[in-house]
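> Contents of target25.cif (mmCIF, C-alpha atoms) are given next:
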```cif
data_protein
#
loop_
_atom_site.group_PDB
_atom_site.id
_atom_site.type_symbol
_atom_site.label_atom_id
_atom_site.label_comp_id
_atom_site.auth_asym_id
_atom_site.auth_seq_id
_atom_site.Cartn_x
_atom_site.Cartn_y
_atom_site.Cartn_z
ATOM 1 C CA MET A 531 76.191 110.200 57.731
ATOM 2 C CA ASN A 532 73.500 109.464 60.290
ATOM 3 C CA LYS A 533 70.858 112.259 60.420
ATOM 4 C CA TYR A 534 71.382 112.813 64.150
ATOM 5 C CA HIS A 535 75.111 112.811 63.606
ATOM 6 C CA LYS A 536 74.805 115.610 61.051
ATOM 7 C CA LYS A 537 72.851 117.777 63.503
ATOM 8 C CA LEU A 538 75.438 117.240 66.218
ATOM 9 C CA LEU A 539 78.332 117.915 63.856
ATOM 10 C CA ASP A 540 76.675 121.148 62.704
ATOM 11 C CA GLN A 541 76.517 122.262 66.339
ATOM 12 C CA ILE A 542 80.125 121.285 66.910
ATOM 13 C CA LYS A 543 81.203 123.365 63.927
ATOM 14 C CA ALA A 544 79.061 126.277 65.088
ATOM 15 C CA ASN A 545 80.859 126.355 68.437
ATOM 16 C CA VAL A 546 84.495 126.224 67.437
ATOM 17 C CA SER A 547 86.586 127.989 70.051
ATOM 18 C CA ASP A 548 88.582 131.064 69.131
ATOM 19 C CA THR A 549 91.265 129.827 71.491
ATOM 20 C CA HIS A 550 93.731 127.562 69.750
ATOM 21 C CA TYR A 551 96.031 125.608 72.019
ATOM 22 C CA LYS A 552 99.529 124.990 70.726
ATOM 23 C CA ASN A 553 100.303 121.330 70.075
ATOM 24 C CA ILE A 554 96.810 120.258 71.175
ATOM 25 C CA ASN A 555 96.873 117.201 68.906
ATOM 26 C CA ARG A 556 100.164 116.108 70.388
ATOM 27 C CA TYR A 557 98.879 116.616 73.922
ATOM 28 C CA LEU A 558 95.695 114.608 73.331
ATOM 29 C CA GLY A 559 97.613 112.048 71.290
ATOM 30 C CA THR A 560 95.234 112.119 68.340
ATOM 31 C CA PRO A 561 95.846 112.854 64.662
ATOM 32 C CA ASN A 562 92.162 113.688 64.185
ATOM 33 C CA LYS A 563 90.766 117.175 63.666
ATOM 34 C CA ILE A 564 90.049 119.094 66.867
ATOM 35 C CA TYR A 565 87.440 121.852 66.832
ATOM 36 C CA SER A 566 88.334 122.904 70.394
ATOM 37 C CA VAL A 567 84.702 123.168 71.461
ATOM 38 C CA PRO A 568 84.718 124.145 75.165
ATOM 39 C CA SER A 569 83.672 121.286 77.435
ATOM 40 C CA ALA A 570 80.842 123.366 78.887
ATOM 41 C CA ILE A 571 79.428 123.902 75.399
ATOM 42 C CA SER A 572 79.774 120.215 74.529
ATOM 43 C CA LYS A 573 77.802 119.403 77.663
ATOM 44 C CA ILE A 574 75.025 121.776 76.623
ATOM 45 C CA ILE A 575 74.904 120.290 73.115
ATOM 46 C CA LEU A 576 74.604 116.768 74.516
ATOM 47 C CA ASP A 577 72.076 117.730 77.186
ATOM 48 C CA ASN A 578 69.906 119.457 74.591
ATOM 49 C CA PHE A 579 70.136 116.434 72.310
ATOM 50 C CA LYS A 580 68.876 114.196 75.095
ATOM 51 C CA LYS A 581 66.083 116.652 75.883
ATOM 52 C CA ASP A 582 64.961 116.752 72.257
ATOM 53 C CA ASN A 583 65.374 113.007 71.618
ATOM 54 C CA LYS A 584 64.237 111.253 74.767
ATOM 55 C CA GLU A 585 62.504 108.513 72.814
ATOM 56 C CA ILE A 586 65.121 107.804 70.177
ATOM 57 C CA PRO A 587 64.736 104.129 69.163
ATOM 58 C CA GLU A 588 67.523 101.838 70.311
ATOM 59 C CA ASN A 589 68.579 100.867 66.789
ATOM 60 C CA GLU A 590 68.813 104.539 65.775
ATOM 61 C CA PHE A 591 70.747 105.358 68.931
ATOM 62 C CA TYR A 592 73.444 102.814 68.147
ATOM 63 C CA GLU A 593 73.481 103.825 64.483
ATOM 64 C CA LEU A 594 74.237 107.337 65.724
ATOM 65 C CA LEU A 595 77.058 106.141 67.985
ATOM 66 C CA ASP A 596 78.558 104.054 65.186
ATOM 67 C CA SER A 597 78.388 107.056 62.871
ATOM 68 C CA LEU A 598 79.996 109.384 65.411
ATOM 69 C CA ASP A 599 82.722 106.857 66.121
ATOM 70 C CA CYS A 600 83.661 106.920 62.437
ATOM 71 C CA GLY A 601 83.737 110.710 62.445
ATOM 72 C CA LYS A 602 86.899 112.587 61.503
ATOM 73 C CA SER A 603 87.119 114.791 64.578
ATOM 74 C CA PHE A 604 87.984 114.286 68.225
ATOM 75 C CA GLU A 605 84.687 115.837 69.308
ATOM 76 C CA GLU A 606 82.591 113.386 67.295
ATOM 77 C CA LYS A 607 84.328 110.440 68.933
ATOM 78 C CA ALA A 608 84.065 112.043 72.376
ATOM 79 C CA PHE A 609 80.309 112.418 71.939
ATOM 80 C CA VAL A 610 79.924 108.623 71.895
ATOM 81 C CA GLY A 611 80.801 108.428 75.580
ATOM 82 C CA GLY A 612 78.842 111.584 76.329
ATOM 83 C CA LEU A 613 75.672 110.126 74.866
ATOM 84 C CA LEU A 614 76.121 106.795 76.635
ATOM 85 C CA ILE A 615 76.333 108.635 79.940
ATOM 86 C CA ARG A 616 73.019 110.353 79.204
ATOM 87 C CA TYR A 617 71.084 107.292 78.023
ATOM 88 C CA LYS A 618 71.255 104.996 81.024
ATOM 89 C CA ASP A 619 68.900 102.278 79.772
ATOM 90 C CA TYR A 620 70.789 101.795 76.524
ATOM 91 C CA ARG A 621 74.134 101.986 78.325
ATOM 92 C CA THR A 622 73.142 99.416 80.937
ATOM 93 C CA ASN A 623 72.080 96.902 78.298
ATOM 94 C CA ILE A 624 74.781 97.664 75.730
ATOM 95 C CA ASP A 625 76.168 94.828 73.667
ATOM 96 C CA LEU A 626 79.799 94.920 74.793
ATOM 97 C CA LYS A 627 80.925 94.151 71.264
ATOM 98 C CA TYR A 628 80.327 97.845 70.560
ATOM 99 C CA LEU A 629 83.121 98.823 72.949
ATOM 100 C CA ASP A 630 85.471 96.396 71.275
ATOM 101 C CA LYS A 631 84.601 97.892 67.885
ATOM 102 C CA TRP A 632 84.775 101.543 68.933
ATOM 103 C CA LEU A 633 88.169 101.138 70.569
ATOM 104 C CA ASN A 634 89.558 100.110 67.202
ATOM 105 C CA ASN A 635 89.007 103.728 66.130
ATOM 106 C CA ARG A 636 90.518 105.401 69.213
ATOM 107 C CA VAL A 637 93.961 106.969 69.158
ATOM 108 C CA GLY A 638 95.470 108.712 72.169
ATOM 109 C CA TRP A 639 94.559 108.803 75.835
ATOM 110 C CA CYS A 640 91.739 111.316 75.544
ATOM 111 C CA GLU A 641 89.804 109.505 72.820
ATOM 112 C CA ILE A 642 90.049 106.315 74.883
ATOM 113 C CA ASP A 643 89.135 107.958 78.168
ATOM 114 C CA THR A 644 86.122 109.886 76.885
ATOM 115 C CA LEU A 645 84.629 106.500 76.056
ATOM 116 C CA CYS A 646 85.824 104.571 79.103
ATOM 117 C CA GLN A 647 86.636 106.780 82.076
ATOM 118 C CA SER A 648 83.317 107.736 83.674
ATOM 119 C CA THR A 649 80.792 105.944 81.531
ATOM 120 C CA PHE A 650 79.968 102.686 83.315
ATOM 121 C CA THR A 651 79.185 102.348 87.014
ATOM 122 C CA ALA A 652 80.279 99.605 89.382
ATOM 123 C CA GLU A 653 76.701 98.388 89.622
ATOM 124 C CA GLU A 654 76.383 98.119 85.839
ATOM 125 C CA ILE A 655 79.578 96.128 85.534
ATOM 126 C CA LEU A 656 78.821 93.834 88.468
ATOM 127 C CA ASP A 657 75.291 93.130 87.235
ATOM 128 C CA ARG A 658 76.813 91.611 84.085
ATOM 129 C CA TRP A 659 80.051 90.473 85.653
ATOM 130 C CA ILE A 660 80.752 87.386 83.545
ATOM 131 C CA GLU A 661 80.477 89.401 80.315
ATOM 132 C CA TRP A 662 82.528 92.319 81.598
ATOM 133 C CA GLU A 663 85.219 90.129 83.120
ATOM 134 C CA LYS A 664 85.723 88.293 79.839
ATOM 135 C CA LEU A 665 85.848 91.540 77.851
ATOM 136 C CA LEU A 666 88.336 93.264 80.147
ATOM 137 C CA LYS A 667 90.619 90.243 80.383
ATOM 138 C CA ASN A 668 90.693 90.087 76.598
ATOM 139 C CA PHE A 669 91.415 93.806 76.368
ATOM 140 C CA ALA A 670 94.420 93.430 78.688
ATOM 141 C CA VAL A 671 96.161 91.085 76.248
ATOM 142 C CA SER A 672 95.004 92.747 73.038
ATOM 143 C CA GLN A 673 97.539 93.816 70.414
ATOM 144 C CA ASN A 674 95.699 97.152 70.337
ATOM 145 C CA ILE A 675 97.202 99.483 72.928
ATOM 146 C CA SER A 676 93.930 101.422 73.157
ATOM 147 C CA LYS A 677 92.211 98.266 74.419
ATOM 148 C CA ARG A 678 95.010 97.517 76.867
ATOM 149 C CA ARG A 679 94.619 100.996 78.346
ATOM 150 C CA ALA A 680 90.841 100.538 78.374
ATOM 151 C CA SER A 681 91.248 97.305 80.370
ATOM 152 C CA LEU A 682 92.359 99.534 83.250
ATOM 153 C CA VAL A 683 90.447 102.754 82.656
ATOM 154 C CA LEU A 684 87.060 101.005 82.425
ATOM 155 C CA LEU A 685 87.601 99.784 85.996
ATOM 156 C CA VAL A 686 88.721 103.087 87.520
ATOM 157 C CA LYS A 687 85.282 104.505 88.296
ATOM 158 C CA ALA A 688 83.954 101.115 89.387
ATOM 159 C CA CYS A 689 86.798 100.576 91.866
ATOM 160 C CA ARG A 690 86.287 104.060 93.252
ATOM 161 C CA GLU A 691 82.567 103.413 93.754
ATOM 162 C CA SER A 692 82.752 99.877 95.116
ATOM 163 C CA ALA A 693 84.999 97.780 97.346
ATOM 164 C CA ASP A 694 83.815 94.576 95.681
ATOM 165 C CA SER A 695 86.847 92.305 95.407
ATOM 166 C CA ARG A 696 85.880 91.145 91.923
ATOM 167 C CA LEU A 697 86.578 94.623 90.614
ATOM 168 C CA SER A 698 89.821 95.171 92.514
ATOM 169 C CA ASN A 699 91.143 91.700 91.757
ATOM 170 C CA LEU A 700 90.549 92.182 88.052
ATOM 171 C CA LEU A 701 92.226 95.578 88.058
ATOM 172 C CA PHE A 702 95.266 94.151 89.857
ATOM 173 C CA GLU A 703 95.294 91.249 87.376
ATOM 174 C CA ASN A 704 95.165 93.531 84.351
ATOM 175 C CA ILE A 705 97.824 95.830 85.788
ATOM 176 C CA GLU A 706 100.041 92.789 86.207
ATOM 177 C CA LYS A 707 99.615 91.967 82.513
ATOM 178 C CA VAL A 708 100.661 95.421 81.241
ATOM 179 C CA LYS A 709 103.002 96.747 83.950
ATOM 180 C CA HIS A 710 106.118 95.995 81.871
ATOM 181 C CA GLU A 711 105.100 98.358 79.063
ATOM 182 C CA LYS A 712 106.896 101.668 78.631
ATOM 183 C CA ASP A 713 104.341 103.609 76.576
ATOM 184 C CA ILE A 714 102.876 106.507 78.540
ATOM 185 C CA LEU A 715 99.382 105.372 77.569
ATOM 186 C CA ILE A 716 99.960 102.358 79.799
ATOM 187 C CA THR A 717 102.290 103.676 82.509
ATOM 188 C CA LYS A 718 99.915 106.516 83.385
ATOM 189 C CA ALA A 719 96.931 104.159 83.350
ATOM 190 C CA VAL A 720 98.748 101.779 85.724
ATOM 191 C CA SER A 721 99.401 104.683 88.064
ATOM 192 C CA TRP A 722 95.793 105.840 87.808
ATOM 193 C CA GLY A 723 94.433 102.376 88.509
ATOM 194 C CA LEU A 724 96.605 101.872 91.587
ATOM 195 C CA ARG A 725 95.761 105.312 92.949
ATOM 196 C CA GLU A 726 92.029 104.674 92.629
ATOM 197 C CA LEU A 727 92.426 101.347 94.431
ATOM 198 C CA VAL A 728 93.878 103.173 97.428
ATOM 199 C CA LYS A 729 90.430 104.380 98.517
ATOM 200 C CA ASN A 730 89.032 100.918 99.263
ATOM 201 C CA HIS A 731 92.124 98.686 99.204
ATOM 202 C CA LYS A 732 94.996 100.712 100.663
ATOM 203 C CA ASN A 733 96.787 97.819 102.363
ATOM 204 C CA GLU A 734 96.542 95.632 99.263
ATOM 205 C CA VAL A 735 98.005 98.426 97.153
ATOM 206 C CA LYS A 736 100.883 98.945 99.581
ATOM 207 C CA GLU A 737 101.645 95.235 99.580
ATOM 208 C CA TYR A 738 101.413 95.040 95.781
ATOM 209 C CA ILE A 739 103.837 97.932 95.315
ATOM 210 C CA GLU A 740 106.321 96.431 97.743
ATOM 211 C CA LYS A 741 106.250 93.083 95.938
ATOM 212 C CA ASN A 742 106.495 94.632 92.470
ATOM 213 C CA ILE A 743 108.701 97.642 93.062
ATOM 214 C CA ASP A 744 111.218 96.468 90.462
ATOM 215 C CA SER A 745 108.680 95.790 87.734
ATOM 216 C CA LEU A 746 106.103 98.565 88.055
ATOM 217 C CA PRO A 747 106.539 101.847 86.158
ATOM 218 C CA LYS A 748 108.466 104.346 88.268
ATOM 219 C CA ILE A 749 105.774 106.960 87.816
ATOM 220 C CA ALA A 750 103.168 104.534 89.145
ATOM 221 C CA ILE A 751 105.217 103.820 92.256
ATOM 222 C CA ARG A 752 105.927 107.488 92.881
ATOM 223 C CA GLU A 753 102.369 108.736 92.373
ATOM 224 C CA THR A 754 100.737 105.872 94.254
ATOM 225 C CA LYS A 755 103.016 106.250 97.281
ATOM 226 C CA ARG A 756 102.181 109.949 97.334
ATOM 227 C CA LYS A 757 98.469 109.099 97.141
ATOM 228 C CA ILE A 758 98.777 106.707 100.072
ATOM 229 C CA GLU A 759 100.681 109.205 102.174
ATOM 230 C CA PHE A 760 99.049 112.497 101.294
ATOM 231 C CA GLY A 761 95.743 111.546 99.646
ATOM 232 C CA ARG A 762 96.780 112.932 96.259
ATOM 233 C CA LYS A 763 99.272 112.035 93.553
#
```
Could you write out this structure as structure tokens?

Amino acid sequence: MNKYHKKLLDQIKANVSDTHYKNINRYLGTPNKIYSVPSAISKIILDNFKKDNKEIPENEFYELLDSLDCGKSFEEKAFVGGLLIRYKDYRTNIDLKYLDKWLNNRVGWCEIDTLCQSTFTAEEILDRWIEWEKLLKNFAVSQNISKRRASLVLLVKACRESADSRLSNLLFENIEKVKHEKDILITKAVSWGLRELVKNHKNEVKEYIEKNIDSLPKIAIRETKRKIEFGRK
């Protein structure tokens, strides 16, 4: 186990919550151990790590993330995304092969989303557009459902931040590739993607729904129409 990983895991274990939520593994969709560390405490642990390790070498940083990704608990895997958020320089220049590798070890919506949901900005994706476009197109047709969900979730924040048509077009394209699937991991991600597109592309979303009303997941149609009309799902 990576030396930094051990320190973080010790802190995770030292902050196990006394509150145990019934069926938490089922809700998060993961078979992995859950320590139920409160999110506020996880934030403090990660912030303190960054404060104490501002100059961690790049190779050691990625060794840490690889080690955490292979951890046996939900929290260890979630810390990968948390650390990427805090180390902007390493995140901006990340070899995208890491994302492909880490998603192989993600089970359930929450393990996927802690890595993909709020980690990468529109600017970061657009600055390396050719690389990101290739990765996300490949994810959308992957046999791994975690990668297919990630093909949408990785674009959610970017499409909220930017009206750049490259981002919206790719999200529409990837939605089109997975819209027929029935698994909730995908149907909810389709709904989420369309709802986020409403902010900068409302008319396009309305037109897309009208044209695909028979093929889109019912929940996506219902929640997106509500978002268009009322500003919330």
> Using all atoms listed in the file, can you tell me which of A:Leu598, A:Ile743, A:Leu682, A:Ala688 comes closest to Leu724 in chain A?
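Closest to Leu724 in chain A of all the choices is A:Leu682.
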> Using all atoms listed in the file, which residues sit within 9 Å of Leu539 in chain A once same-chain residues fewer than 3 positions away are excluded, as an MDAnalysis selection string?
chainID A and resid 534:536 542:544 598 605:606
> Using only C-alpha atoms, find the one residue out of A:Ile571, A:Ile749, A:Val671, A:Ala608 that sits nearest to Gln541 in chain A.
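Looking only at the distances to Gln541 in chain A, the closest residue turns out to be A:Ile571.
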> Set the distance at 7 Å and use all atoms listed in the file: which residues neighbour Leu645 in chain A once local chain neighbours fewer than 2 positions away are removed? I'd like the list as a list in words.
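Answer for this query is Ala608, Val610, Gly611, Glu641, Ile642, Asp643, Gln647 and Thr649 of chain A.
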> Take CA of Ser692 in chain A and CA of Cys646 in chain A and report the distance between them in Å, one decimal.
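Taking CA of Ser692 in chain A as the start and CA of Cys646 in chain A as the end point, the length is 17.0 Å.
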> Do you know which residues the PyMOL selection byres ((chain A and resi 739) around 12) returns on this file, as a ChimeraX atom specification?
/A:702,705-706,709,720-721,724-725,727-728,732-738,740-755,758
> Enter the distance from CA of Lys584 in chain A to CA of Ser572 in chain A, in Å, rounded to one decimal.
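So the answer is 17.9 Å.
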> From the set A:Tyr620, A:Trp662, A:Val686, A:Ser547, which residue has the shortest atom-to-atom contact distance to Glu590 in chain A, counting all atoms listed in the file?
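For Glu590 in chain A, the nearest of the candidates is A:Tyr620.
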> Starting from the displayed file, determine the output of the PyMOL selection byres ((chain A and resi 595) around 9) and express the residue list as a PyMOL selection string.
chain A and resi 535+590-594+596-600+607+609-611+613-614
> What does the file look like for those residues with C-alpha atoms, as a PDB file, keeping the file's coordinate frame?

```
ATOM      1  CA  HIS A 535      75.111 112.811  63.606  1.00  0.00           C
ATOM      2  CA  GLU A 590      68.813 104.539  65.775  1.00  0.00           C
ATOM      3  CA  PHE A 591      70.747 105.358  68.931  1.00  0.00           C
ATOM      4  CA  TYR A 592      73.444 102.814  68.147  1.00  0.00           C
ATOM      5  CA  GLU A 593      73.481 103.825  64.483  1.00  0.00           C
ATOM      6  CA  LEU A 594      74.237 107.337  65.724  1.00  0.00           C
ATOM      7  CA  ASP A 596      78.558 104.054  65.186  1.00  0.00           C
ATOM      8  CA  SER A 597      78.388 107.056  62.871  1.00  0.00           C
ATOM      9  CA  LEU A 598      79.996 109.384  65.411  1.00  0.00           C
ATOM     10  CA  ASP A 599      82.722 106.857  66.121  1.00  0.00           C
ATOM     11  CA  CYS A 600      83.661 106.920  62.437  1.00  0.00           C
ATOM     12  CA  LYS A 607      84.328 110.440  68.933  1.00  0.00           C
ATOM     13  CA  PHE A 609      80.309 112.418  71.939  1.00  0.00           C
ATOM     14  CA  VAL A 610      79.924 108.623  71.895  1.00  0.00           C
ATOM     15  CA  GLY A 611      80.801 108.428  75.580  1.00  0.00           C
ATOM     16  CA  LEU A 613      75.672 110.126  74.866  1.00  0.00           C
ATOM     17  CA  LEU A 614      76.121 106.795  76.635  1.00  0.00           C
TER      18      LEU A 614
END
```
> Evaluate the PyMOL selection byres ((chain A and resi 693) around 10) and record the selected residues as a list in words, following the chain and residue labels used in the document.
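When the PyMOL selection byres ((chain A and resi 693) around 10) is applied to the shown file, the picked residues are Ala652, Ala688, Cys689, Arg690, Glu691, Ser692, Asp694, Ser695, Arg696, Leu697, Ser698, Leu727, Lys729, Asn730 and His731 of chain A.
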